[in-house]
Amino acid sequence: MFKHMKKTLVAASVAGMLGVAAPAFAVGTGGTFSVDEGVITGTPSNIVTADSFDFSYEATIDQTIVGDFDFVGDTFIETGTFELSSYKDGIDTQQTSLNGFEPAGYGLIGDFTATGTAGITGVNITALFDTFLMNLYIDDDQDGVGDTLLGTASLVPGEGVAHIFDGLANGDFEAVMAFTPTAFGETYFFDPNPFYIQLNYAGNTTTITGASTEESFVADVDGSGNGFFTNAVPEPASLALLGIGLLGLAFSSRRRT
């Protein structure tokens, strides 16, 4: 049972790389923003005010394990897609045309690529992001293909970590990124102006298949989470410090075994 748990946890941790933060990370604590749905072709004018958004995601993780699974040469690349499900103001879901019926309905989808290193000790797993690149699109006809780019985001150095602890569902993660809207994105995300410069993307890993703690693997993961915008300057690598602390615990544990 313990061995099986370790295999599940490792996948989650690496998988969590992009996708998931639950009670461990903040939800709905971003700045208030407004979007104008009327700038989307075929969508009636409607101003939506929110402070966060919910999303679901799917991803594939290609993890290399060299010797011990201890961050040394244990690199991964994760590629995936995500879809926004709703806008929230506090705990209240806002009325929008997002994911509504055609012709007024539209989708908000994106893709991402992340890289980093991961390690495991006992039942604790940590993945540290080196890079995290994201694109956000309007999907006019909800066919799963991005039609108009709204903005891009890239990891703030040292501000991305994923981890698993015994007792959590499968995993959690958080990535803090610099956000840059396109010219069209500034008409959709119209308030504040200029728009927020930072995107916090966090969530929970729900399903992990194909992972291993003993050999390199390719795993499929999915989950859901919450995102919000801020202008906050990141604290001195708070997430990185958490990851380093867990890494130190890992090496300490290995020395005792």
# chains A, B, ... in the order shown; residues from 1 in each chain; ligands from 1
>>> select_by_dssp(residues="segment 9-221 of chain A", states="alpha helix (DSSP H)", output="ChimeraX atom specification")
/A:9-19,183-188
>>> write_last_selection(atoms="C-alpha atoms", output="compact mmCIF listing (two decimals), in the first residue's frame")
# COMPACT_ATOMS: atom_id res chain seq x y z
CA LEU A 9 2.06 10.89 -5.02
CA VAL A 10 4.97 11.30 -7.36
CA ALA A 11 2.73 11.58 -10.33
CA ALA A 12 0.60 14.09 -8.57
CA SER A 13 3.48 16.23 -7.55
CA VAL A 14 5.04 16.47 -10.92
CA ALA A 15 1.63 16.68 -12.43
CA GLY A 16 0.71 19.35 -10.02
CA MET A 17 3.24 21.33 -11.82
CA LEU A 18 0.61 23.25 -13.59
CA GLY A 19 -2.42 22.34 -12.30
CA ALA A 183 -4.23 44.61 -27.78
CA PHE A 184 -7.49 42.65 -28.11
CA GLY A 185 -7.06 41.29 -24.60
CA GLU A 186 -7.06 44.86 -23.29
CA THR A 187 -10.53 45.38 -24.78
CA TYR A 188 -11.82 42.21 -23.10
>>> residues_around(residues="Lys88 of chain A", least_positions_apart="6", cutoff="12 Å", atoms="only C-alpha atoms", output="ChimeraX atom specification")
/A:27-34,48-55,94-96,226-228
>>> write_last_selection(atoms="C-alpha atoms", output="mmCIF file, in the first residue's frame")
data_model
loop_
_atom_site.group_PDB
_atom_site.id
_atom_site.type_symbol
_atom_site.label_atom_id
_atom_site.label_comp_id
_atom_site.auth_asym_id
_atom_site.auth_seq_id
_atom_site.Cartn_x
_atom_site.Cartn_y
_atom_site.Cartn_z
ATOM 1 C CA VAL A 27 -8.420 31.174 -3.617
ATOM 2 C CA GLY A 28 -10.260 34.270 -4.815
ATOM 3 C CA THR A 29 -7.904 36.780 -3.196
ATOM 4 C CA GLY A 30 -7.021 38.729 -6.321
ATOM 5 C CA GLY A 31 -7.869 42.246 -7.388
ATOM 6 C CA THR A 32 -11.293 43.062 -8.806
ATOM 7 C CA PHE A 33 -11.393 43.199 -12.609
ATOM 8 C CA SER A 34 -14.002 43.655 -15.332
ATOM 9 C CA VAL A 48 -18.687 40.995 -15.835
ATOM 10 C CA THR A 49 -16.992 41.999 -12.587
ATOM 11 C CA ALA A 50 -14.999 39.340 -10.758
ATOM 12 C CA ASP A 51 -11.936 38.710 -8.617
ATOM 13 C CA SER A 52 -11.047 35.184 -9.776
ATOM 14 C CA PHE A 53 -11.839 32.429 -12.256
ATOM 15 C CA ASP A 54 -12.212 28.653 -12.029
ATOM 16 C CA PHE A 55 -10.630 26.267 -14.519
ATOM 17 C CA GLN A 94 -21.117 35.583 -12.085
ATOM 18 C CA GLN A 95 -23.669 35.526 -14.902
ATOM 19 C CA THR A 96 -21.844 35.377 -18.233
ATOM 20 C CA ASN A 226 -8.533 28.862 -9.377
ATOM 21 C CA GLY A 227 -6.742 31.853 -10.849
ATOM 22 C CA PHE A 228 -6.611 35.542 -10.017
#
>>> residues_around(residues="Thr117 of chain A", least_positions_apart="4", cutoff="7 Å", atoms="only C-alpha atoms", output="list of chain:residue names")
A:Phe71, A:Asp74, A:Thr75, A:Phe76, A:Ala127, A:Leu128, A:Phe129
>>> write_last_selection(atoms="N, CA and C atoms", output="PDB file, in the first residue's frame")
ATOM      1  N   PHE A  71      15.853  15.207  -7.368  1.00  0.00           N
ATOM      2  CA  PHE A  71      16.049  16.518  -7.986  1.00  0.00           C
ATOM      3  C   PHE A  71      17.321  16.612  -8.835  1.00  0.00           C
ATOM      4  N   ASP A  74      16.770  15.041 -12.359  1.00  0.00           N
ATOM      5  CA  ASP A  74      15.407  14.515 -12.487  1.00  0.00           C
ATOM      6  C   ASP A  74      14.491  15.600 -13.050  1.00  0.00           C
ATOM      7  N   THR A  75      14.641  15.858 -14.329  1.00  0.00           N
ATOM      8  CA  THR A  75      13.917  16.946 -14.980  1.00  0.00           C
ATOM      9  C   THR A  75      12.594  16.471 -15.568  1.00  0.00           C
ATOM     10  N   PHE A  76      11.676  17.405 -15.734  1.00  0.00           N
ATOM     11  CA  PHE A  76      10.398  17.072 -16.360  1.00  0.00           C
ATOM     12  C   PHE A  76       9.988  18.188 -17.308  1.00  0.00           C
ATOM     13  N   ALA A 127       7.835  19.321  -6.696  1.00  0.00           N
ATOM     14  CA  ALA A 127       8.272  19.678  -8.047  1.00  0.00           C
ATOM     15  C   ALA A 127       8.522  21.177  -8.067  1.00  0.00           C
ATOM     16  N   LEU A 128       9.689  21.577  -8.537  1.00  0.00           N
ATOM     17  CA  LEU A 128      10.049  22.990  -8.621  1.00  0.00           C
ATOM     18  C   LEU A 128      10.080  23.417 -10.085  1.00  0.00           C
ATOM     19  N   PHE A 129       9.316  24.453 -10.424  1.00  0.00           N
ATOM     20  CA  PHE A 129       9.265  24.936 -11.796  1.00  0.00           C
ATOM     21  C   PHE A 129      10.467  25.818 -12.113  1.00  0.00           C
TER      22      PHE A 129
END
>>> decode(residues="segment 138-168 of chain A", atoms="C-alpha atoms", output="PDB file, in the first residue's frame")
ATOM      1  CA  ILE A 138     -11.032  33.234 -26.912  1.00  0.00           C
ATOM      2  CA  ASP A 139     -12.722  30.182 -28.441  1.00  0.00           C
ATOM      3  CA  ASP A 140     -15.496  31.859 -30.430  1.00  0.00           C
ATOM      4  CA  ASP A 141     -17.384  28.735 -31.497  1.00  0.00           C
ATOM      5  CA  GLN A 142     -16.365  26.490 -28.577  1.00  0.00           C
ATOM      6  CA  ASP A 143     -14.698  23.915 -30.786  1.00  0.00           C
ATOM      7  CA  GLY A 144     -11.618  23.604 -28.595  1.00  0.00           C
ATOM      8  CA  VAL A 145      -9.452  25.714 -30.900  1.00  0.00           C
ATOM      9  CA  GLY A 146      -8.159  29.107 -29.801  1.00  0.00           C
ATOM     10  CA  ASP A 147      -9.381  31.812 -32.196  1.00  0.00           C
ATOM     11  CA  THR A 148      -8.065  35.046 -30.684  1.00  0.00           C
ATOM     12  CA  LEU A 149      -5.107  35.407 -28.323  1.00  0.00           C
ATOM     13  CA  LEU A 150      -6.029  37.331 -25.159  1.00  0.00           C
ATOM     14  CA  GLY A 151      -2.691  37.278 -23.397  1.00  0.00           C
ATOM     15  CA  THR A 152       0.428  35.401 -22.408  1.00  0.00           C
ATOM     16  CA  ALA A 153       2.024  34.608 -19.059  1.00  0.00           C
ATOM     17  CA  SER A 154       5.468  33.464 -17.943  1.00  0.00           C
ATOM     18  CA  LEU A 155       6.772  32.293 -14.591  1.00  0.00           C
ATOM     19  CA  VAL A 156       8.163  34.786 -12.112  1.00  0.00           C
ATOM     20  CA  PRO A 157      11.565  33.216 -11.267  1.00  0.00           C
ATOM     21  CA  GLY A 158      11.407  31.122  -8.121  1.00  0.00           C
ATOM     22  CA  GLU A 159       7.617  31.443  -7.815  1.00  0.00           C
ATOM     23  CA  GLY A 160       6.383  27.996  -8.837  1.00  0.00           C
ATOM     24  CA  VAL A 161       6.068  24.811  -6.793  1.00  0.00           C
ATOM     25  CA  ALA A 162       3.932  21.682  -6.599  1.00  0.00           C
ATOM     26  CA  HIS A 163       3.783  19.189  -3.766  1.00  0.00           C
ATOM     27  CA  ILE A 164       1.982  16.238  -2.260  1.00  0.00           C
ATOM     28  CA  PHE A 165       1.571  15.348   1.398  1.00  0.00           C
ATOM     29  CA  ASP A 166      -0.130  12.347   2.953  1.00  0.00           C
ATOM     30  CA  GLY A 167      -3.750  13.282   3.584  1.00  0.00           C
ATOM     31  CA  LEU A 168      -4.297  15.541   0.556  1.00  0.00           C
TER      32      LEU A 168
END
